[in-house]
Amino acid sequence: MARRKRTRTEAAAQAKVARAIRSGRLTPQPCEVCGHTPAVAHHDSYDRPLDVRWLCRRHHRLHHNEVDHPTYEAQAASNVARWQPRLTELLPLVQRLARAGVTQKETARLLGVAQTTVSEWLHRYGR
Ligand SMILES: [Zn+2]
Ligand SMILES: [Zn+2]
């Protein structure tokens with residue numbers, strides 16, 4: 001439902017962009033990241049259909065991957081939240097294992113937590 005609505009809004013915004021280009025109100029620009037042409041009009045918000053950023057196919061895809069998928073940081077933060085109750089219990093152990101030279105992967109396996117959790121804890125609280 002929400003998805004279909006967004007798609008319709010997106011189509012409407014793209015149609016406005018196409019009209020604006022035909023009438024000369026909007027001029028296609030090279031990709032703002034790498035300068036490649038042609039670039040597609042990307043909307044940060046469909047509420048402002050003529051407020052676009054020009055991105056080549058590659059950077060457009062990369063941009064959407066960043067926007068649509070949680071970044072590593074966000075993922076790590078959510079892991080931390082999930083494991084917060086066990087933090088006091090496990091952190092000293094994680095730190096001891098790290099100091100002993102056990103890899104984060106192995107530590108994660110031993111303790112049954114995600115590797116991102118181990119690396120986030122060590123990053124945040126030190127060894
Ligand atoms: Zn580009
Ligand atoms: Zn886009």
# chains A, B, ... in the order shown; residues from 1 in each chain; ligands from 1
>>> select_by_dssp(residues="stretch 9-102 of chain A", states="helix (DSSP H, G or I)", output="number ranges by chain")
A: 9-22, 57-68, 72-99
>>> closest_atom_pairs(of="chain A", to="ligand 2", cutoff="9 Å", atoms="only C-alpha atoms and all ligand atoms", output="JSON lines")
{"residue": "A:Val40", "atom": "CA", "partner": "ligand 2", "partner_atom_place_in_ligand_line": "1 (Zn)", "distance": 7.8}
{"residue": "A:Ala41", "atom": "CA", "partner": "ligand 2", "partner_atom_place_in_ligand_line": "1 (Zn)", "distance": 6.9}
{"residue": "A:His42", "atom": "CA", "partner": "ligand 2", "partner_atom_place_in_ligand_line": "1 (Zn)", "distance": 3.8}
{"residue": "A:His43", "atom": "CA", "partner": "ligand 2", "partner_atom_place_in_ligand_line": "1 (Zn)", "distance": 5.5}
{"residue": "A:Asp44", "atom": "CA", "partner": "ligand 2", "partner_atom_place_in_ligand_line": "1 (Zn)", "distance": 7.2}
{"residue": "A:Val52", "atom": "CA", "partner": "ligand 2", "partner_atom_place_in_ligand_line": "1 (Zn)", "distance": 8.9}
{"residue": "A:Arg53", "atom": "CA", "partner": "ligand 2", "partner_atom_place_in_ligand_line": "1 (Zn)", "distance": 8.3}
{"residue": "A:Trp54", "atom": "CA", "partner": "ligand 2", "partner_atom_place_in_ligand_line": "1 (Zn)", "distance": 8.9}
{"residue": "A:Leu55", "atom": "CA", "partner": "ligand 2", "partner_atom_place_in_ligand_line": "1 (Zn)", "distance": 8.0}
{"residue": "A:His60", "atom": "CA", "partner": "ligand 2", "partner_atom_place_in_ligand_line": "1 (Zn)", "distance": 5.8}
{"residue": "A:Arg61", "atom": "CA", "partner": "ligand 2", "partner_atom_place_in_ligand_line": "1 (Zn)", "distance": 7.6}
{"residue": "A:His63", "atom": "CA", "partner": "ligand 2", "partner_atom_place_in_ligand_line": "1 (Zn)", "distance": 7.4}
{"residue": "A:His64", "atom": "CA", "partner": "ligand 2", "partner_atom_place_in_ligand_line": "1 (Zn)", "distance": 6.3}
>>> write_last_selection(atoms="C-alpha atoms", output="compact mmCIF listing (two decimals), in the first residue's frame")
# COMPACT_ATOMS: atom_id res chain seq x y z
CA VAL A 40 19.23 10.65 -13.95
CA ALA A 41 17.22 13.07 -11.87
CA HIS A 42 17.13 11.80 -8.31
CA HIS A 43 14.60 13.13 -5.80
CA ASP A 44 15.54 13.45 -2.17
CA VAL A 52 16.52 17.07 -8.09
CA ARG A 53 20.09 15.86 -7.89
CA TRP A 54 21.78 14.50 -10.96
CA LEU A 55 23.42 11.12 -10.56
CA HIS A 60 22.26 6.62 -8.37
CA ARG A 61 22.28 2.92 -7.49
CA HIS A 63 23.01 6.32 -3.35
CA HIS A 64 19.84 4.23 -3.10
>>> residues_around(residues="A:Gln115", least_positions_apart="6", cutoff="9 Å", atoms="only C-alpha atoms", output="PDB file with C-alpha atoms, in the first residue's frame")
ATOM      1  CA  GLN A 104      36.665 -10.952  16.716  1.00  0.00           C
ATOM      2  CA  LYS A 105      35.150 -13.632  14.513  1.00  0.00           C
ATOM      3  CA  GLU A 106      36.169 -16.367  16.924  1.00  0.00           C
ATOM      4  CA  THR A 107      35.036 -14.324  19.945  1.00  0.00           C
ATOM      5  CA  ALA A 108      31.653 -13.791  18.308  1.00  0.00           C
ATOM      6  CA  ARG A 109      31.320 -17.512  17.625  1.00  0.00           C
TER       7      ARG A 109
END
>>> residues_near_ligand(ligand="ligand 1", cutoff="10 Å", atoms="only C-alpha atoms and all ligand atoms", output="number ranges by chain")
A: 30-40, 54-63
>>> write_last_selection(atoms="C-alpha atoms", output="compact mmCIF listing (two decimals), in the first residue's frame")
# COMPACT_ATOMS: atom_id res chain seq x y z
CA PRO A 30 26.29 15.63 -15.32
CA CYS A 31 26.53 13.30 -12.30
CA GLU A 32 27.26 15.41 -9.24
CA VAL A 33 29.67 12.77 -7.95
CA CYS A 34 31.75 11.81 -10.98
CA GLY A 35 30.70 14.18 -13.78
CA HIS A 36 29.45 11.35 -15.99
CA THR A 37 26.65 11.97 -18.50
CA PRO A 38 23.91 11.06 -18.90
CA ALA A 39 22.69 11.31 -15.35
CA VAL A 40 19.23 10.65 -13.95
CA TRP A 54 21.78 14.50 -10.96
CA LEU A 55 23.42 11.12 -10.56
CA CYS A 56 24.77 8.67 -13.13
CA ARG A 57 23.34 5.15 -13.07
CA ARG A 58 26.15 3.83 -10.91
CA HIS A 59 26.04 6.62 -8.32
CA HIS A 60 22.26 6.62 -8.37
CA ARG A 61 22.28 2.92 -7.49
CA LEU A 62 24.95 3.43 -4.82
CA HIS A 63 23.01 6.32 -3.35
>>> closest_residue(among="A:Leu111, A:Ala100, A:Ile21, A:Val94", to="A:His123", atoms="only C-alpha atoms")
A:Val94
>>> select_by_dssp(residues="chain A", states="strand (DSSP E or B)", output="ChimeraX atom specification")
/A:40-43,52-55
>>> write_last_selection(atoms="N, CA and C atoms", output="PDB file, in the first residue's frame")
ATOM      1  N   VAL A  40      20.675  10.653 -14.175  1.00  0.00           N
ATOM      2  CA  VAL A  40      19.235  10.649 -13.947  1.00  0.00           C
ATOM      3  C   VAL A  40      18.896  11.640 -12.845  1.00  0.00           C
ATOM      4  N   ALA A  41      17.668  12.130 -12.892  1.00  0.00           N
ATOM      5  CA  ALA A  41      17.216  13.073 -11.868  1.00  0.00           C
ATOM      6  C   ALA A  41      16.791  12.278 -10.641  1.00  0.00           C
ATOM      7  N   HIS A  42      17.486  12.492  -9.551  1.00  0.00           N
ATOM      8  CA  HIS A  42      17.127  11.802  -8.310  1.00  0.00           C
ATOM      9  C   HIS A  42      16.431  12.779  -7.378  1.00  0.00           C
ATOM     10  N   HIS A  43      15.348  12.292  -6.755  1.00  0.00           N
ATOM     11  CA  HIS A  43      14.603  13.126  -5.805  1.00  0.00           C
ATOM     12  C   HIS A  43      14.945  12.746  -4.377  1.00  0.00           C
ATOM     13  N   VAL A  52      15.902  18.364  -7.801  1.00  0.00           N
ATOM     14  CA  VAL A  52      16.520  17.072  -8.089  1.00  0.00           C
ATOM     15  C   VAL A  52      18.040  17.138  -7.982  1.00  0.00           C
ATOM     16  N   ARG A  53      18.627  15.986  -7.831  1.00  0.00           N
ATOM     17  CA  ARG A  53      20.086  15.856  -7.887  1.00  0.00           C
ATOM     18  C   ARG A  53      20.398  14.948  -9.055  1.00  0.00           C
ATOM     19  N   TRP A  54      21.446  15.294  -9.783  1.00  0.00           N
ATOM     20  CA  TRP A  54      21.782  14.496 -10.958  1.00  0.00           C
ATOM     21  C   TRP A  54      22.834  13.477 -10.594  1.00  0.00           C
ATOM     22  N   LEU A  55      22.501  12.215 -10.878  1.00  0.00           N
ATOM     23  CA  LEU A  55      23.420  11.122 -10.558  1.00  0.00           C
ATOM     24  C   LEU A  55      23.462  10.141 -11.728  1.00  0.00           C
TER      25      LEU A  55
END
>>> atom_distance(atom1="atom CA of A:Ala13", atom2="atom CA of A:Tyr46")
6.0 Å
>>> atom_distance(atom1="atom CA of A:Gly112", atom2="atom CA of A:Gly126")
20.1 Å
>>> atom_distance(atom1="atom CA of A:Pro49", atom2="atom CA of A:Leu26")
11.2 Å
>>> closest_residue(among="A:Gln29, A:Pro92, A:Ser45, A:Arg22", to="A:Glu10", atoms="only C-alpha atoms")
A:Ser45
